[in-house]
Amino acid sequence: SCRWRYKNAKPLEGTVWHLVKMGGESVTLPSDGFNIILNDNALGGRGACNSLLGQYATGEKYALRFSSLGSTKMLCPENEALEMAFIGVLDKTTHYDIDYDMLMLMQNGTVLAVFKAQEASK
């Protein structure tokens with residue numbers, strides 16, 4: 001798979017990715033939650049109300065693995081189940097793909113979740 005198949009793809013790193021689809025279902029979520037940002041092998045982000053942190057490593061053929069995943073432990077009754085599922089997706093991810101401003105996290109070819117690049121807040 002050629003590195004340049006999508007010309008205007010946002011970079012995996014340094015982009016704030018916001019969850020728009022999980023397990024094949026579209027989700028509408030507040031823009032300040034369900035975000036991840038990857039930088040220098042460190043994962044940062046936010047679920048429903050908890051901050052997420054961890055490490056990641058990329059490899060050949062769009063391989064992507066998250067490790068040492070953790071989150072703060074606040075109760076967020078609103079979207080708690082979704083937050084757990086969201087962390088589960090990161091846990092299961094083996095690969096990624098980026099098409100322009102959409103990031104797909106995959107497990108061996110199955111799309112687990114789709115994220116959209118956030119516009120930088122003015």
# chains A, B, ... in the order shown; residues from 1 in each chain; ligands from 1
call {"tool": "closest_atom_pairs", "arguments": {"of": "region 38-83 of chain A", "to": "region 103-108 of chain A", "cutoff": "10 Å", "atoms": "only C-alpha atoms", "output": "Markdown table"}}
result
| residue | atom | partner | partner_atom | distance |
| --- | --- | --- | --- | --- |
| A:Tyr62 | CA | A:Met106 | CA | 9.9 |
| A:Ala63 | CA | A:Met106 | CA | 9.3 |
| A:Leu64 | CA | A:Leu105 | CA | 8.4 |
| A:Arg65 | CA | A:Gln107 | CA | 10.0 |
call {"tool": "write_last_selection", "arguments": {"atoms": "N, CA, C and O atoms", "output": "mmCIF file, in the first residue's frame"}}
result
data_model
loop_
_atom_site.group_PDB
_atom_site.id
_atom_site.type_symbol
_atom_site.label_atom_id
_atom_site.label_comp_id
_atom_site.auth_asym_id
_atom_site.auth_seq_id
_atom_site.Cartn_x
_atom_site.Cartn_y
_atom_site.Cartn_z
ATOM 1 N N TYR A 62 1.066 0.718 7.962
ATOM 2 C CA TYR A 62 0.082 1.401 8.801
ATOM 3 C C TYR A 62 -0.225 0.671 10.108
ATOM 4 O O TYR A 62 -1.323 0.761 10.633
ATOM 5 N N ALA A 63 0.760 -0.067 10.615
ATOM 6 C CA ALA A 63 0.561 -0.721 11.916
ATOM 7 C C ALA A 63 0.508 0.355 13.001
ATOM 8 O O ALA A 63 1.209 1.370 12.927
ATOM 9 N N LEU A 64 -0.365 0.138 13.982
ATOM 10 C CA LEU A 64 -0.496 1.083 15.101
ATOM 11 C C LEU A 64 -0.924 0.302 16.335
ATOM 12 O O LEU A 64 -1.901 -0.438 16.292
ATOM 13 N N ARG A 65 -0.168 0.462 17.406
ATOM 14 C CA ARG A 65 -0.476 -0.222 18.660
ATOM 15 C C ARG A 65 -0.461 0.772 19.804
ATOM 16 O O ARG A 65 0.468 1.569 19.908
#
call {"tool": "select_by_dssp", "arguments": {"residues": "region 10-55 of chain A", "states": "strand (DSSP E or B)", "output": "ChimeraX atom specification"}}
result
/A:16-22,25-26,35-39,42-46,51-55
call {"tool": "select_by_dssp", "arguments": {"residues": "chain A", "states": "helix (DSSP H, G or I)", "output": "list in words"}}
result
Glu60, Lys61, Tyr62, Glu80, Ala81, Leu82, Glu83, Met84, Ala85, Phe86, Ile87, Gly88, Val89, Leu90, Asp91 and Lys92 of chain A
call {"tool": "closest_residue", "arguments": {"among": "A:Pro77, A:Pro30, A:Gly47, A:Gly109", "to": "Asp97 (chain A)", "atoms": "only C-alpha atoms"}}
result
A:Gly109
call {"tool": "atom_distance", "arguments": {"atom1": "CA of Ser68 (chain A)", "atom2": "CA of Glu119 (chain A)"}}
result
28.0 Å
call {"tool": "closest_residue", "arguments": {"among": "A:Asn39, A:Ser71, A:His95, A:Gly45", "to": "Trp17 (chain A)", "atoms": "only C-alpha atoms"}}
result
A:Gly45
call {"tool": "closest_residue", "arguments": {"among": "A:Thr110, A:Leu52, A:Thr58, A:Met102", "to": "His18 (chain A)", "atoms": "only C-alpha atoms"}}
result
A:Met102
call {"tool": "residues_around", "arguments": {"residues": "Gly54 (chain A)", "least_positions_apart": "4", "cutoff": "12 Å", "atoms": "only C-alpha atoms", "output": "ChimeraX atom specification"}}
result
/A:36-46,65-72,87,90-91
call {"tool": "residues_around", "arguments": {"residues": "Val20 (chain A)", "least_positions_apart": "4", "cutoff": "9 Å", "atoms": "only C-alpha atoms", "output": "list in words"}}
result
Glu25, Ser26, Val27, Thr28, Leu29, Phe34, Ala113, Val114, Phe115 and Lys116 of chain A
call {"tool": "write_last_selection", "arguments": {"atoms": "N, CA, C and O atoms", "output": "tab-separated table (two decimals), in the first residue's frame"}}
result
chain	number	residue	atom	x	y	z
A	25	GLU	N	-21.52	2.22	13.98
A	25	GLU	CA	-22.61	3.15	14.30
A	25	GLU	C	-22.09	4.57	14.35
A	25	GLU	O	-21.07	4.84	14.96
A	26	SER	N	-22.83	5.50	13.73
A	26	SER	CA	-22.46	6.91	13.84
A	26	SER	C	-22.78	7.39	15.25
A	26	SER	O	-23.80	6.99	15.82
A	27	VAL	N	-21.92	8.22	15.78
A	27	VAL	CA	-22.17	8.78	17.11
A	27	VAL	C	-22.04	10.29	17.02
A	27	VAL	O	-21.19	10.81	16.30
A	28	THR	N	-22.91	10.99	17.73
A	28	THR	CA	-22.83	12.45	17.78
A	28	THR	C	-22.44	12.82	19.19
A	28	THR	O	-23.19	12.54	20.13
A	29	LEU	N	-21.26	13.38	19.33
A	29	LEU	CA	-20.70	13.62	20.65
A	29	LEU	C	-20.22	15.05	20.76
A	29	LEU	O	-19.83	15.66	19.78
A	34	PHE	N	-14.24	12.58	23.62
A	34	PHE	CA	-13.99	11.52	22.65
A	34	PHE	C	-13.00	11.97	21.58
A	34	PHE	O	-13.22	11.80	20.39
A	113	ALA	N	-13.34	2.02	14.56
A	113	ALA	CA	-13.83	3.37	14.83
A	113	ALA	C	-13.31	4.32	13.77
A	113	ALA	O	-12.27	4.09	13.16
A	114	VAL	N	-14.08	5.39	13.56
A	114	VAL	CA	-13.69	6.43	12.60
A	114	VAL	C	-13.66	7.77	13.34
A	114	VAL	O	-14.56	8.07	14.12
A	115	PHE	N	-12.61	8.52	13.09
A	115	PHE	CA	-12.43	9.83	13.72
A	115	PHE	C	-12.32	10.89	12.63
A	115	PHE	O	-11.85	10.59	11.53
A	116	LYS	N	-12.72	12.09	12.95
A	116	LYS	CA	-12.58	13.21	12.01
A	116	LYS	C	-11.64	14.24	12.64
A	116	LYS	O	-11.71	14.49	13.83
call {"tool": "closest_residue", "arguments": {"among": "A:Val89, A:Tyr96, A:Ser31, A:Leu82", "to": "Glu60 (chain A)", "atoms": "only C-alpha atoms"}}
result
A:Tyr96
call {"tool": "residues_around", "arguments": {"residues": "Asn50 (chain A)", "least_positions_apart": "6", "cutoff": "9 Å", "atoms": "only C-alpha atoms", "output": "ChimeraX atom specification"}}
result
/A:33,71-76,83
call {"tool": "atom_distance", "arguments": {"atom1": "CA of Ala48 (chain A)", "atom2": "CA of Ala9 (chain A)"}}
result
26.9 Å
call {"tool": "atom_distance", "arguments": {"atom1": "CA of Leu112 (chain A)", "atom2": "CA of Met22 (chain A)"}}
result
6.0 Å
